[in-house]
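Q: Following this line is upload33.csv, made up of CSV, C-alpha atoms and all ligand atoms:
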```csv
chain,number,residue,atom,x,y,z
A,1,MET,CA,161.3,67.9,119.3
A,2,LYS,CA,161.3,69.4,115.8
A,3,LYS,CA,159.1,67.4,113.4
A,4,THR,CA,160.2,67.1,109.8
A,5,ALA,CA,157.7,65.3,107.5
A,6,SER,CA,158.7,63.5,104.3
A,7,PRO,CA,156.3,64.3,101.5
A,8,VAL,CA,156.6,60.7,100.1
A,9,LEU,CA,153.8,58.2,100.9
A,10,LEU,CA,155.4,54.7,101.2
A,11,ASP,CA,153.4,51.5,100.9
A,12,VAL,CA,154.4,50.0,104.3
A,13,ILE,CA,156.1,51.1,107.5
A,14,ILE,CA,157.6,48.1,109.3
A,15,VAL,CA,158.4,48.8,113.0
A,16,GLY,CA,161.0,46.2,114.1
A,17,GLY,CA,163.9,44.7,112.2
A,18,GLY,CA,164.1,41.3,113.9
A,19,PRO,CA,163.4,38.1,112.1
A,20,ALA,CA,159.7,39.0,111.6
A,21,GLY,CA,160.3,42.5,110.3
A,22,LEU,CA,163.2,41.6,108.0
A,23,SER,CA,161.4,38.6,106.5
A,24,ALA,CA,158.4,40.9,105.8
A,25,ALA,CA,160.7,43.4,104.2
A,26,LEU,CA,162.2,40.7,101.9
A,27,VAL,CA,158.8,39.7,100.6
A,28,LEU,CA,157.6,43.3,100.1
A,29,GLY,CA,160.9,44.2,98.4
A,30,ARG,CA,160.4,41.3,96.0
A,31,CYS,CA,156.9,42.7,95.3
A,32,ARG,CA,158.5,46.1,94.5
A,33,ARG,CA,156.6,47.7,97.4
A,34,ARG,CA,158.1,50.8,98.9
A,35,ALA,CA,158.8,50.0,102.6
A,36,ILE,CA,160.9,51.2,105.4
A,37,VAL,CA,162.1,49.2,108.3
A,38,PHE,CA,162.7,51.0,111.6
A,39,ASP,CA,164.7,49.0,114.1
A,40,ALA,CA,165.9,50.1,117.5
A,41,GLY,CA,168.4,47.1,117.7
A,42,HIS,CA,167.2,45.2,120.7
A,43,PRO,CA,166.0,41.8,119.5
A,44,ARG,CA,164.6,39.5,122.2
A,45,ASN,CA,167.5,37.1,122.0
A,46,GLU,CA,170.3,39.7,122.2
A,47,ALA,CA,171.7,38.1,125.3
A,48,SER,CA,172.2,34.8,123.5
A,49,ARG,CA,175.4,33.7,121.7
A,50,ALA,CA,173.9,31.0,119.5
A,51,LEU,CA,170.6,30.7,117.7
A,52,HIS,CA,169.3,27.1,117.5
A,53,GLY,CA,166.6,25.3,115.6
A,54,TYR,CA,166.6,27.3,112.4
A,55,LEU,CA,167.2,25.0,109.5
A,56,THR,CA,170.4,25.9,107.6
A,57,ARG,CA,171.5,28.3,110.4
A,58,ASP,CA,171.6,26.1,113.5
A,59,GLY,CA,174.1,27.6,116.0
A,60,ILE,CA,174.7,30.9,114.2
A,61,SER,CA,175.1,34.0,116.5
A,62,PRO,CA,171.8,36.0,116.6
A,63,ALA,CA,173.7,39.1,115.5
A,64,ASP,CA,175.2,37.4,112.5
A,65,PHE,CA,171.8,36.0,111.6
A,66,LEU,CA,170.3,39.5,111.5
A,67,LYS,CA,173.3,40.9,109.6
A,68,ILE,CA,172.8,38.3,106.8
A,69,GLY,CA,169.1,39.2,106.8
A,70,ARG,CA,169.9,42.9,106.4
A,71,GLU,CA,172.6,42.2,103.7
A,72,GLN,CA,170.1,40.2,101.7
A,73,LEU,CA,167.7,43.1,101.5
A,74,ALA,CA,170.4,45.3,99.9
A,75,PRO,CA,169.4,44.4,96.2
A,76,TYR,CA,165.8,45.5,96.8
A,77,ASP,CA,165.9,49.2,96.0
A,78,THR,CA,162.4,49.9,97.3
A,79,ILE,CA,163.4,48.8,100.8
A,80,GLU,CA,165.1,51.1,103.3
A,81,LEU,CA,166.5,50.1,106.7
A,82,ARG,CA,166.9,52.7,109.5
A,83,HIS,CA,168.5,52.0,112.9
A,84,VAL,CA,166.2,54.2,115.0
A,85,ASN,CA,163.4,54.0,117.5
A,86,VAL,CA,159.8,54.9,116.5
A,87,VAL,CA,158.3,56.9,119.3
A,88,ASP,CA,154.8,57.5,117.9
A,89,VAL,CA,152.5,56.4,115.1
A,90,ALA,CA,149.5,58.4,114.2
A,91,ARG,CA,146.6,57.0,112.1
A,92,GLY,CA,145.2,59.5,109.6
A,93,ASP,CA,143.0,59.3,106.5
A,94,ARG,CA,144.3,56.1,104.7
A,95,ARG,CA,147.8,56.7,106.1
A,96,PHE,CA,150.0,56.1,109.1
A,97,THR,CA,152.6,58.6,110.1
A,98,ALA,CA,155.5,57.4,112.2
A,99,THR,CA,157.6,59.8,114.2
A,100,VAL,CA,161.1,58.6,115.0
A,101,GLU,CA,163.6,59.8,117.6
A,102,GLY,CA,164.9,63.1,116.5
A,103,GLY,CA,161.5,64.1,115.1
A,104,GLU,CA,161.5,62.9,111.4
A,105,GLN,CA,158.1,61.7,110.2
A,106,ILE,CA,157.5,59.1,107.5
A,107,SER,CA,154.0,58.1,106.2
A,108,ALA,CA,152.8,54.9,104.6
A,109,ARG,CA,149.5,53.3,103.6
A,110,MET,CA,150.0,50.3,105.9
A,111,LEU,CA,151.7,49.5,109.1
A,112,LEU,CA,153.4,46.3,110.3
A,113,LEU,CA,154.3,45.9,114.0
A,114,ALA,CA,157.1,43.4,114.4
A,115,THR,CA,158.2,44.9,117.6
A,116,GLY,CA,158.8,41.7,119.7
A,117,LEU,CA,158.5,41.1,123.5
A,118,VAL,CA,160.6,41.7,126.6
A,119,ASP,CA,161.2,38.8,129.0
A,120,GLU,CA,160.9,39.6,132.7
A,121,LEU,CA,164.0,38.1,134.3
A,122,PRO,CA,164.1,36.5,137.8
A,123,GLN,CA,165.5,38.9,140.4
A,124,ILE,CA,168.3,36.7,141.6
A,125,LYS,CA,171.8,37.9,142.5
A,126,GLU,CA,174.3,37.3,139.6
A,127,PHE,CA,171.5,36.1,137.3
A,128,LEU,CA,172.6,38.4,134.4
A,129,ARG,CA,176.1,36.9,134.3
A,130,PHE,CA,174.6,33.6,133.1
A,131,TYR,CA,171.6,34.7,131.1
A,132,GLY,CA,171.7,33.6,127.5
A,133,VAL,CA,174.6,31.2,128.0
A,134,THR,CA,173.6,28.9,130.9
A,135,ALA,CA,170.4,30.5,132.0
A,136,HIS,CA,167.6,30.0,129.4
A,137,THR,CA,163.9,30.3,128.8
A,138,CYS,CA,163.3,27.7,126.1
A,139,PRO,CA,164.4,24.0,126.0
A,140,TYR,CA,163.7,23.9,122.3
A,141,CYS,CA,166.3,26.6,121.8
A,142,ASP,CA,168.9,25.5,124.3
A,143,GLY,CA,168.0,22.1,125.8
A,144,TRP,CA,170.2,20.1,123.5
A,145,GLU,CA,173.4,21.9,124.5
A,146,HIS,CA,172.7,20.9,128.1
A,147,ARG,CA,171.5,17.3,127.5
A,148,ASP,CA,172.3,14.8,130.3
A,149,GLN,CA,173.5,17.6,132.6
A,150,PRO,CA,172.3,18.5,136.1
A,151,LEU,CA,169.6,21.2,135.4
A,152,ALA,CA,167.4,23.5,137.5
A,153,VAL,CA,164.2,25.2,136.8
A,154,VAL,CA,163.6,28.4,138.8
A,155,GLY,CA,160.0,29.3,139.4
A,156,ASP,CA,157.1,28.6,141.6
A,157,ASP,CA,154.1,28.5,139.3
A,158,LYS,CA,152.4,25.9,137.0
A,159,GLU,CA,154.5,27.1,134.0
A,160,ALA,CA,157.7,26.4,135.9
A,161,ALA,CA,156.4,23.0,136.9
A,162,ASP,CA,155.5,22.2,133.3
A,163,LEU,CA,158.9,23.3,132.2
A,164,ALA,CA,160.6,21.0,134.7
A,165,LEU,CA,158.6,18.1,133.5
A,166,GLU,CA,159.4,19.0,129.8
A,167,LEU,CA,163.1,19.2,130.6
A,168,LEU,CA,163.1,15.5,131.6
A,169,LEU,CA,163.3,14.9,127.8
A,170,TRP,CA,166.8,16.4,127.9
A,171,SER,CA,168.1,15.3,131.3
A,172,LYS,CA,167.1,12.8,134.0
A,173,ASP,CA,168.5,15.2,136.7
A,174,VAL,CA,166.1,18.1,137.0
A,175,VAL,CA,165.5,20.1,140.2
A,176,LEU,CA,162.7,22.6,140.6
A,177,CYS,CA,163.8,25.6,142.8
A,178,THR,CA,160.7,27.4,143.8
A,179,ASN,CA,162.7,30.1,145.6
A,180,GLY,CA,160.4,30.2,148.6
A,181,ALA,CA,157.0,28.6,149.2
A,182,PRO,CA,155.5,27.7,145.8
A,183,GLU,CA,152.5,29.3,144.2
A,184,CYS,CA,151.2,26.1,142.8
A,185,GLY,CA,149.6,23.4,145.0
A,186,ARG,CA,150.3,19.7,145.6
A,187,ASP,CA,148.2,18.7,142.6
A,188,VAL,CA,150.9,20.3,140.4
A,189,LEU,CA,153.9,19.3,142.5
A,190,ASN,CA,153.0,15.6,143.1
A,191,PRO,CA,153.2,14.5,139.4
A,192,MET,CA,156.6,16.1,139.2
A,193,GLU,CA,157.9,14.1,142.2
A,194,ARG,CA,156.4,11.0,140.7
A,195,ASN,CA,158.4,11.6,137.5
A,196,GLY,CA,161.7,12.2,139.4
A,197,VAL,CA,161.8,16.0,139.6
A,198,ARG,CA,163.3,17.0,143.0
A,199,ILE,CA,161.7,20.1,144.6
A,200,ILE,CA,163.7,22.6,146.7
A,201,ASP,CA,161.7,25.4,148.2
A,202,ALA,CA,164.5,27.2,150.1
A,203,PRO,CA,164.9,30.9,148.9
A,204,ILE,CA,167.8,31.3,146.5
A,205,ALA,CA,170.7,33.5,147.7
A,206,ARG,CA,172.8,33.7,144.5
A,207,LEU,CA,174.1,31.9,141.5
A,208,ASP,CA,177.7,31.0,141.2
A,209,GLY,CA,180.1,29.8,138.5
A,210,THR,CA,183.0,30.6,136.2
A,211,GLY,CA,182.5,33.4,133.8
A,212,SER,CA,179.0,32.8,132.3
A,213,LYS,CA,179.1,29.1,133.1
A,214,LEU,CA,176.8,28.2,135.9
A,215,GLU,CA,178.2,25.8,138.5
A,216,ARG,CA,176.1,26.2,141.7
A,217,ILE,CA,173.0,27.6,143.2
A,218,HIS,CA,173.4,28.8,146.7
A,219,PHE,CA,170.4,29.0,149.1
A,220,ARG,CA,169.8,31.3,151.9
A,221,ASP,CA,169.7,28.4,154.4
A,222,GLY,CA,173.4,27.9,153.6
A,223,THR,CA,172.9,24.8,151.4
A,224,GLN,CA,173.9,24.6,147.7
A,225,ILE,CA,173.5,22.4,144.7
A,226,ALA,CA,175.7,21.8,141.7
A,227,ARG,CA,173.9,22.7,138.4
A,228,THR,CA,175.3,23.5,135.0
A,229,ALA,CA,172.3,25.3,133.6
A,230,LEU,CA,169.0,26.7,134.7
A,231,PHE,CA,165.8,27.3,132.8
A,232,PHE,CA,162.9,29.6,133.8
A,233,SER,CA,159.5,30.5,132.4
A,234,PRO,CA,159.4,34.3,132.2
A,235,GLY,CA,156.6,36.8,132.4
A,236,GLN,CA,156.6,38.9,129.2
A,237,HIS,CA,155.4,42.3,128.0
A,238,GLN,CA,155.3,44.0,124.7
A,239,ARG,CA,158.6,45.8,123.8
A,240,SER,CA,156.7,48.7,122.2
A,241,HIS,CA,153.7,50.7,123.3
A,242,LEU,CA,152.7,51.4,119.7
A,243,ALA,CA,150.0,48.7,119.4
A,244,GLU,CA,148.3,49.9,122.5
A,245,GLN,CA,148.6,53.5,121.4
A,246,LEU,CA,146.9,52.6,118.1
A,247,GLY,CA,144.0,50.9,120.0
A,248,CYS,CA,144.9,47.3,118.9
A,249,GLU,CA,143.1,44.5,120.8
A,250,PHE,CA,145.2,42.1,122.8
A,251,CYS,CA,144.9,38.4,123.7
A,252,GLU,CA,144.7,37.3,127.3
A,253,ASP,CA,148.4,36.4,127.2
A,254,GLY,CA,149.3,40.0,126.2
A,255,CYS,CA,150.0,39.2,122.5
A,256,ILE,CA,148.5,41.6,119.9
A,257,GLN,CA,145.3,39.9,118.7
A,258,CYS,CA,145.3,39.2,115.0
A,259,GLY,CA,143.7,36.8,112.6
A,260,GLU,CA,145.1,34.2,110.2
A,261,ASN,CA,146.2,37.0,107.8
A,262,ALA,CA,148.1,38.9,110.5
A,263,ALA,CA,145.6,41.8,110.5
A,264,THR,CA,145.0,43.4,113.9
A,265,SER,CA,141.7,44.8,115.1
A,266,VAL,CA,142.8,48.2,113.7
A,267,PRO,CA,142.3,48.5,109.9
A,268,GLY,CA,145.6,48.8,108.1
A,269,VAL,CA,147.7,47.6,111.1
A,270,TYR,CA,149.3,44.2,110.9
A,271,ALA,CA,151.4,42.3,113.4
A,272,ALA,CA,153.9,39.5,113.2
A,273,GLY,CA,156.5,37.6,115.3
A,274,ASN,CA,156.6,37.3,119.0
A,275,ALA,CA,154.5,40.5,119.5
A,276,SER,CA,151.5,38.6,118.1
A,277,ARG,CA,152.0,34.8,118.3
A,278,GLY,CA,152.5,32.0,120.7
A,279,VAL,CA,155.3,30.0,119.0
A,280,GLN,CA,158.2,32.1,120.0
A,281,LEU,CA,160.9,30.7,117.7
A,282,VAL,CA,162.9,32.6,115.2
A,283,ILE,CA,161.8,30.4,112.3
A,284,ALA,CA,158.2,30.9,113.2
A,285,ALA,CA,158.7,34.7,113.6
A,286,ALA,CA,160.3,34.8,110.1
A,287,ALA,CA,157.4,32.8,108.7
A,288,GLU,CA,154.8,35.1,110.3
A,289,GLY,CA,156.6,38.2,108.8
A,290,MET,CA,156.4,36.6,105.4
A,291,GLN,CA,152.6,35.8,105.9
A,292,ALA,CA,152.0,39.4,107.1
A,293,ALA,CA,153.8,40.8,104.0
A,294,PHE,CA,151.7,38.6,101.8
A,295,ALA,CA,148.5,39.8,103.4
A,296,ILE,CA,149.6,43.5,103.2
A,297,ASN,CA,150.6,43.2,99.6
A,298,THR,CA,147.2,41.5,98.8
A,299,ALA,CA,145.3,44.2,100.6
A,300,LEU,CA,147.1,47.0,98.8
A,301,LEU,CA,146.5,45.3,95.4
A,302,GLU,CA,142.8,44.8,96.1
A,303,ALA,CA,142.4,48.4,97.2
A,304,ASP,CA,144.2,49.8,94.1
A,305,ALA,CA,142.5,47.4,91.7
A,306,ALA,CA,139.1,48.6,92.9
A,307,ARG,CA,140.1,52.2,92.0
A,308,GLY,CA,141.9,51.3,88.8
A,309,LYS,CA,145.1,52.6,90.2
A,310,VAL,CA,147.4,49.5,90.3
A,311,LEU,CA,149.9,50.9,87.8
A,312,GLU,CA,149.8,54.3,89.4
A,313,THR,CA,150.9,53.0,92.8
A,314,ALA,CA,153.2,50.2,91.7
A,315,ALA,CA,157.0,50.7,91.4
A,316,ALA,CA,156.7,49.1,88.0
A,317,GLY,CA,154.6,52.1,86.9
A,318,GLU,CA,157.3,54.6,87.7
A,319,LYS,CA,159.1,56.5,84.9
B,1,LIG,C1,167.8,34.3,125.5
B,1,LIG,C2,167.0,33.9,124.3
B,1,LIG,C3,167.5,32.9,123.5
B,1,LIG,C4,166.7,32.6,122.4
B,1,LIG,N1,167.2,31.6,121.6
B,1,LIG,C5,166.4,31.2,120.5
B,1,LIG,C6,166.9,30.1,119.7
B,1,LIG,O1,168.0,29.6,119.9
B,1,LIG,N2,166.1,29.8,118.6
B,1,LIG,C7,164.9,30.4,118.3
B,1,LIG,O2,164.3,30.0,117.4
B,1,LIG,N3,164.5,31.4,119.1
B,1,LIG,C8,165.2,31.8,120.2
B,1,LIG,N4,164.7,32.8,121.0
B,1,LIG,C9,163.5,33.4,120.7
B,1,LIG,C10,163.7,34.6,119.6
B,1,LIG,O3,164.5,35.5,120.2
B,1,LIG,C11,162.4,35.2,119.1
B,1,LIG,O4,161.6,34.2,118.6
B,1,LIG,C12,162.7,36.2,118.0
B,1,LIG,O5,163.6,37.1,118.3
B,1,LIG,C13,161.4,36.9,117.7
B,1,LIG,O6,161.6,37.7,116.5
B,1,LIG,P1,160.7,39.0,116.3
B,1,LIG,O7,161.1,39.6,115.0
B,1,LIG,O8,159.3,38.8,116.6
B,1,LIG,O9,161.2,40.0,117.5
B,1,LIG,P2,162.6,40.5,118.0
B,1,LIG,O10,163.7,39.6,117.5
B,1,LIG,O11,162.5,40.8,119.4
B,1,LIG,O12,162.8,41.9,117.1
B,1,LIG,C14,162.0,43.0,117.4
B,1,LIG,C15,162.8,44.2,117.0
B,1,LIG,O13,161.9,45.4,117.0
B,1,LIG,C16,162.6,46.5,117.6
B,1,LIG,N5,161.6,47.4,118.1
B,1,LIG,C17,160.6,47.3,119.0
B,1,LIG,N6,160.0,48.4,119.2
B,1,LIG,C18,160.5,49.3,118.3
B,1,LIG,C19,160.2,50.7,118.0
B,1,LIG,N7,159.2,51.4,118.6
B,1,LIG,N8,161.0,51.3,117.1
B,1,LIG,C20,162.0,50.6,116.4
B,1,LIG,N9,162.3,49.3,116.7
B,1,LIG,C21,161.5,48.7,117.6
B,1,LIG,C22,163.4,45.8,118.7
B,1,LIG,O14,164.5,46.7,119.1
B,1,LIG,C23,163.9,44.5,118.0
B,1,LIG,O15,165.1,44.8,117.4
B,1,LIG,C24,165.4,33.2,122.1
B,1,LIG,C25,165.0,34.1,123.0
B,1,LIG,C26,165.7,34.5,124.1
B,1,LIG,C27,165.1,35.5,125.1
```
Show me this structure written as structure tokens.
Ligand SMILES: Cc1cc2nc3c(=O)[nH]c(=O)nc-3n(C[C@H](O)[C@H](O)[C@H](O)COP(=O)(O)OP(=O)(O)OC[C@H]3O[C@@H](n4cnc5c(N)ncnc54)[C@H](O)[C@@H]3O)c2cc1C
A:
Amino acid sequence: MKKTASPVLLDVIIVGGGPAGLSAALVLGRCRRRAIVFDAGHPRNEASRALHGYLTRDGISPADFLKIGREQLAPYDTIELRHVNVVDVARGDRRFTATVEGGEQISARMLLLATGLVDELPQIKEFLRFYGVTAHTCPYCDGWEHRDQPLAVVGDDKEAADLALELLLWSKDVVLCTNGAPECGRDVLNPMERNGVRIIDAPIARLDGTGSKLERIHFRDGTQIARTALFFSPGQHQRSHLAEQLGCEFCEDGCIQCGENAATSVPGVYAAGNASRGVQLVIAAAAEGMQAAFAINTALLEADAARGKVLETAAAGEK
């Protein structure tokens, strides 16, 4: 791979152009910071058709939401968007150098990782047909659309049991399908049965329905139940290896560890959105991007003020 380095030193490289990264870019653009957003184009909710719970945008398609976000960055002439994967980031003396697919290199003083997570999907026949439309991870995102319907939770651990109990807020008819002998014990299962959740431990053979609309779950013992939606609590991992490559510390749950101001354990590296926080909603990711941008701008300002170089580094100081 041929490497071509740009001589320009930007203020911030943002890796990830989902809600967190775009929101950070908006704040940095408004501060006239020179930033570039690299986005490979695989947001976590790409399988979904409607984004819920974002005030003013409830029900919009996730793709349209991001399109509006990108369009609203257009007036900010210090912000550049690139649809490309970042394959490597090197930390040098007061700079980070990102290498993108194809070999081009871009350097900046600060780095924001807004790279998101990947959900680990259940290995069930036909699952992908329903994922994002009638098979969901989050009742806050998609519970309302399936209120008062016959629902299933697929999973055998405590998270799945908790999700089944939670779903009773949306429907009285919730079945927990443990897909074989459950991992959790009676102490977890008993409260569910007391609250009206039925438990089926037969292994699942396949899902069945019309198009992406779930209608039935078939079990290997030949039985079946009618369900119009299922929920599951997925395992997750970081979408990008960059935080690990840079030596960032991680929380027990696999999120990038960072403080209130979004700074990671590596100086100059910030993290925002699902990659770093527990509340995995779009509006929260956007807010975290904004907070990270605020912290980055403040850190840049403080560093420049100490050296008497604020005007030299600000876009306002350019001829
Ligand atoms: C099926 C589904 C439905 C959902 N529905 C809702 C909902 O209705 N409401 C809601 O609030 N939340 C919903 N969510 C959660 C929502 O998707 C996340 O909260 C949100 O996407 C997190 O935003 P983010 O910016 O942190 O990460 P993401 O949206 O995942 O964006 C990260 C971006 O970074 C890019 N990237 C990663 N690594 C690199 C790299 N090395 N180089 C370049 N680019 C890179 C990725 O390709 C991606 O485009 C849903 C999630 C799922 C799975």
Q: What does the list of residues within 6 Å of ligand LIG 1 (chain B) look like if you count only C-alpha atoms and all ligand atoms, written as a PyMOL selection string?
A: chain A and resi 15-21+38-45+47-48+51-53+84-87+114-117+132+136+141+239-240+273-275+280-283+285
Q: Go ahead and dump the residues you just picked, C-alpha atoms, as a PDB file, keeping the file's coordinate frame.
A:
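Resulting contents of result.pdb:
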```pdb
ATOM      1  CA  VAL A  15     158.400  48.800 113.000  1.00  0.00           C
ATOM      2  CA  GLY A  16     161.000  46.200 114.100  1.00  0.00           C
ATOM      3  CA  GLY A  17     163.900  44.700 112.200  1.00  0.00           C
ATOM      4  CA  GLY A  18     164.100  41.300 113.900  1.00  0.00           C
ATOM      5  CA  PRO A  19     163.400  38.100 112.100  1.00  0.00           C
ATOM      6  CA  ALA A  20     159.700  39.000 111.600  1.00  0.00           C
ATOM      7  CA  GLY A  21     160.300  42.500 110.300  1.00  0.00           C
ATOM      8  CA  PHE A  38     162.700  51.000 111.600  1.00  0.00           C
ATOM      9  CA  ASP A  39     164.700  49.000 114.100  1.00  0.00           C
ATOM     10  CA  ALA A  40     165.900  50.100 117.500  1.00  0.00           C
ATOM     11  CA  GLY A  41     168.400  47.100 117.700  1.00  0.00           C
ATOM     12  CA  HIS A  42     167.200  45.200 120.700  1.00  0.00           C
ATOM     13  CA  PRO A  43     166.000  41.800 119.500  1.00  0.00           C
ATOM     14  CA  ARG A  44     164.600  39.500 122.200  1.00  0.00           C
ATOM     15  CA  ASN A  45     167.500  37.100 122.000  1.00  0.00           C
ATOM     16  CA  ALA A  47     171.700  38.100 125.300  1.00  0.00           C
ATOM     17  CA  SER A  48     172.200  34.800 123.500  1.00  0.00           C
ATOM     18  CA  LEU A  51     170.600  30.700 117.700  1.00  0.00           C
ATOM     19  CA  HIS A  52     169.300  27.100 117.500  1.00  0.00           C
ATOM     20  CA  GLY A  53     166.600  25.300 115.600  1.00  0.00           C
ATOM     21  CA  VAL A  84     166.200  54.200 115.000  1.00  0.00           C
ATOM     22  CA  ASN A  85     163.400  54.000 117.500  1.00  0.00           C
ATOM     23  CA  VAL A  86     159.800  54.900 116.500  1.00  0.00           C
ATOM     24  CA  VAL A  87     158.300  56.900 119.300  1.00  0.00           C
ATOM     25  CA  ALA A 114     157.100  43.400 114.400  1.00  0.00           C
ATOM     26  CA  THR A 115     158.200  44.900 117.600  1.00  0.00           C
ATOM     27  CA  GLY A 116     158.800  41.700 119.700  1.00  0.00           C
ATOM     28  CA  LEU A 117     158.500  41.100 123.500  1.00  0.00           C
ATOM     29  CA  GLY A 132     171.700  33.600 127.500  1.00  0.00           C
ATOM     30  CA  HIS A 136     167.600  30.000 129.400  1.00  0.00           C
ATOM     31  CA  CYS A 141     166.300  26.600 121.800  1.00  0.00           C
ATOM     32  CA  ARG A 239     158.600  45.800 123.800  1.00  0.00           C
ATOM     33  CA  SER A 240     156.700  48.700 122.200  1.00  0.00           C
ATOM     34  CA  GLY A 273     156.500  37.600 115.300  1.00  0.00           C
ATOM     35  CA  ASN A 274     156.600  37.300 119.000  1.00  0.00           C
ATOM     36  CA  ALA A 275     154.500  40.500 119.500  1.00  0.00           C
ATOM     37  CA  GLN A 280     158.200  32.100 120.000  1.00  0.00           C
ATOM     38  CA  LEU A 281     160.900  30.700 117.700  1.00  0.00           C
ATOM     39  CA  VAL A 282     162.900  32.600 115.200  1.00  0.00           C
ATOM     40  CA  ILE A 283     161.800  30.400 112.300  1.00  0.00           C
ATOM     41  CA  ALA A 285     158.700  34.700 113.600  1.00  0.00           C
TER      42      ALA A 285
END
```
Q: Would you mind listing what lies within 9 Å of Glu80 in chain A as number ranges by chain, with all atoms listed in the file counted and same-chain residues fewer than 2 positions away left out?
A: A: 25, 34-38, 73-74, 76-78, 82
Q: Nearest to Glu145 in chain A among A:Glu193, A:Glu71, A:Glu46, A:Asp58, with distances taken over all atoms listed in the file: which residue is it?
A: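 For Glu145 in chain A, the nearest of the given residues is A:Asp58.
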Q: Using all atoms listed in the file, which of A:Gly222, A:Gly289, A:Arg206, A:Ala263 sits nearest Arg129 in chain A?
A: A:Arg206
Q: I'd like the contact shell of Pro234 in chain A - 8 Å cut-off, all atoms listed in the file, skipping same-chain residues fewer than 4 positions apart - returned as a list in words.
A: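 Once the nearby chain positions are removed, what remains is Asp119, Glu120, Leu121, Pro122 and Thr137 of chain A.
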Q: Based on the selection just made, write C-alpha atoms of those residues as a short mmCIF file (atom, residue, chain, number, x, y, z; two decimals), in the frame of the given file.
A:
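Printed below is out.cif as written:
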```cif
data_model
loop_
_atom_site.label_atom_id
_atom_site.label_comp_id
_atom_site.auth_asym_id
_atom_site.auth_seq_id
_atom_site.Cartn_x
_atom_site.Cartn_y
_atom_site.Cartn_z
CA ASP A 119 161.20 38.80 129.00
CA GLU A 120 160.90 39.60 132.70
CA LEU A 121 164.00 38.10 134.30
CA PRO A 122 164.10 36.50 137.80
CA THR A 137 163.90 30.30 128.80
#
```
Q: Start from the incomplete input, build N, CA and C atoms for range 12-24 of chain A, and deliver everything as a PDB file, in the coordinates of the input.
A:
```pdb
ATOM      1  N   VAL A  12     154.482  50.682 102.984  1.00  0.00           N
ATOM      2  CA  VAL A  12     154.400  50.000 104.300  1.00  0.00           C
ATOM      3  C   VAL A  12     155.539  50.586 105.225  1.00  0.00           C
ATOM      4  N   ILE A  13     155.154  50.861 106.444  1.00  0.00           N
ATOM      5  CA  ILE A  13     156.100  51.100 107.500  1.00  0.00           C
ATOM      6  C   ILE A  13     156.205  49.825 108.326  1.00  0.00           C
ATOM      7  N   ILE A  14     157.416  49.304 108.489  1.00  0.00           N
ATOM      8  CA  ILE A  14     157.600  48.100 109.300  1.00  0.00           C
ATOM      9  C   ILE A  14     158.360  48.611 110.580  1.00  0.00           C
ATOM     10  N   VAL A  15     157.751  48.428 111.727  1.00  0.00           N
ATOM     11  CA  VAL A  15     158.400  48.800 113.000  1.00  0.00           C
ATOM     12  C   VAL A  15     158.983  47.485 113.553  1.00  0.00           C
ATOM     13  N   GLY A  16     160.314  47.387 113.629  1.00  0.00           N
ATOM     14  CA  GLY A  16     161.000  46.200 114.100  1.00  0.00           C
ATOM     15  C   GLY A  16     161.727  45.474 113.041  1.00  0.00           C
ATOM     16  N   GLY A  17     163.036  45.384 113.227  1.00  0.00           N
ATOM     17  CA  GLY A  17     163.900  44.700 112.200  1.00  0.00           C
ATOM     18  C   GLY A  17     164.511  43.456 112.784  1.00  0.00           C
ATOM     19  N   GLY A  18     163.717  42.675 113.534  1.00  0.00           N
ATOM     20  CA  GLY A  18     164.100  41.300 113.900  1.00  0.00           C
ATOM     21  C   GLY A  18     163.758  40.360 112.816  1.00  0.00           C
ATOM     22  N   PRO A  19     163.742  39.051 113.098  1.00  0.00           N
ATOM     23  CA  PRO A  19     163.400  38.100 112.100  1.00  0.00           C
ATOM     24  C   PRO A  19     162.056  38.324 111.392  1.00  0.00           C
ATOM     25  N   ALA A  20     161.057  38.729 112.161  1.00  0.00           N
ATOM     26  CA  ALA A  20     159.700  39.000 111.600  1.00  0.00           C
ATOM     27  C   ALA A  20     159.734  40.153 110.639  1.00  0.00           C
ATOM     28  N   GLY A  21     160.289  41.260 111.095  1.00  0.00           N
ATOM     29  CA  GLY A  21     160.300  42.500 110.300  1.00  0.00           C
ATOM     30  C   GLY A  21     161.133  42.357 109.043  1.00  0.00           C
ATOM     31  N   LEU A  22     162.330  41.740 109.170  1.00  0.00           N
ATOM     32  CA  LEU A  22     163.200  41.600 108.000  1.00  0.00           C
ATOM     33  C   LEU A  22     162.614  40.656 106.969  1.00  0.00           C
ATOM     34  N   SER A  23     161.984  39.599 107.459  1.00  0.00           N
ATOM     35  CA  SER A  23     161.400  38.600 106.500  1.00  0.00           C
ATOM     36  C   SER A  23     160.222  39.309 105.765  1.00  0.00           C
ATOM     37  N   ALA A  24     159.443  40.131 106.459  1.00  0.00           N
ATOM     38  CA  ALA A  24     158.400  40.900 105.800  1.00  0.00           C
ATOM     39  C   ALA A  24     158.955  41.805 104.734  1.00  0.00           C
TER      40      ALA A  24
END
```
